[in-house]
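K.L.:
What follows is a structure written as structure tokens; I'll ask about it next.
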Amino acid sequence: MRKFIILLSTAMLCLSSCQESLEERAAKEAATYTKKNCPQVMSDMLDMDSMTFDKSTHTFGYHYTMKNGLDNEEVMRPEAMRQELLEGIKNMTSARAYMDEGYCFRYVYRSQKNPGKILFETLFTEKDYQ
């Protein structure tokens, strides 16, 4: 019986050490998504450049480039964009485990004509999407 308990304890320890933490999973998912899908043409006016994860702040980053007609600050409607993105987060079932743990979501839209220029940026925290 004692050998069985020792064997069971050892097996449980090995199995629990093989599981990755939620933040490790987030970092891995972001890197894998970027490697497989980016850059990704979303439309003739928008490309997705990458998806990142910052372990220190538990923040997913979604990075886009605006081009053609959207690459213009005058057509930007920041409040409408923020509201639309927030609705998307609230409906994103694939991120439910991260939302349950209070992770953040950051969106950055840069200009294609001037890549150093951020046309729109927003951050959603738990208080926004709960």
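Each chain in the structure tokens gets a letter, A, B and so on, in the order shown; residues start at 1 in every chain, and ligands are counted from 1 in the order they appear.
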Considering only C-alpha atoms, return as a VMD selection string whatever protein or nucleic-acid residues lie within 7 Å of region 92-108 of chain A, sequence-local ones (same chain, fewer than 3 positions apart) excluded.
P.N.:
chain A and resid 58 to 64 88 to 89 118 120 to 126
K.L.:
Could you pull out the alpha helix (DSSP H) residues of chain A, going by DSSP on the backbone, and write them as a PyMOL selection string?
P.N.:
chain A and resi 2-18+22-37+78-90+96-100+126-129
K.L.:
May I ask for the distance between CA of Asp54 (chain A) and CA of Ala27 (chain A), given in Å to one decimal place?
P.N.:
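CA of Ala27 (chain A) lies 7.5 Å from CA of Asp54 (chain A).
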K.L.:
Rank nothing, just name the residue among A:Leu85, A:Leu119, A:Met48, A:Ala31 nearest to Glu73 (chain A), using only C-alpha atoms.
P.N.:
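Counting only C-alpha atoms, the residue closest to Glu73 (chain A) is A:Leu119.
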K.L.:
Please compute the CA of Gly69 (chain A)-CA of Met45 (chain A) distance, one decimal, in Å.
P.N.:
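About the pair CA of Gly69 (chain A) and CA of Met45 (chain A): they are 6.4 Å apart.
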K.L.:
Report as number ranges by chain all protein, DNA and RNA residues lying within 9 Å of Glu29 (chain A), evaluated on only C-alpha atoms, omitting residues in the same chain fewer than 4 positions from it.
P.N.:
A: 24-25, 33-34, 51-53
K.L.:
Counting only C-alpha atoms, which residue out of A:Asn72, A:Ser50, A:Asn91, A:Gln130 sits closest to Lys113 (chain A)?
P.N.:
A:Asn72
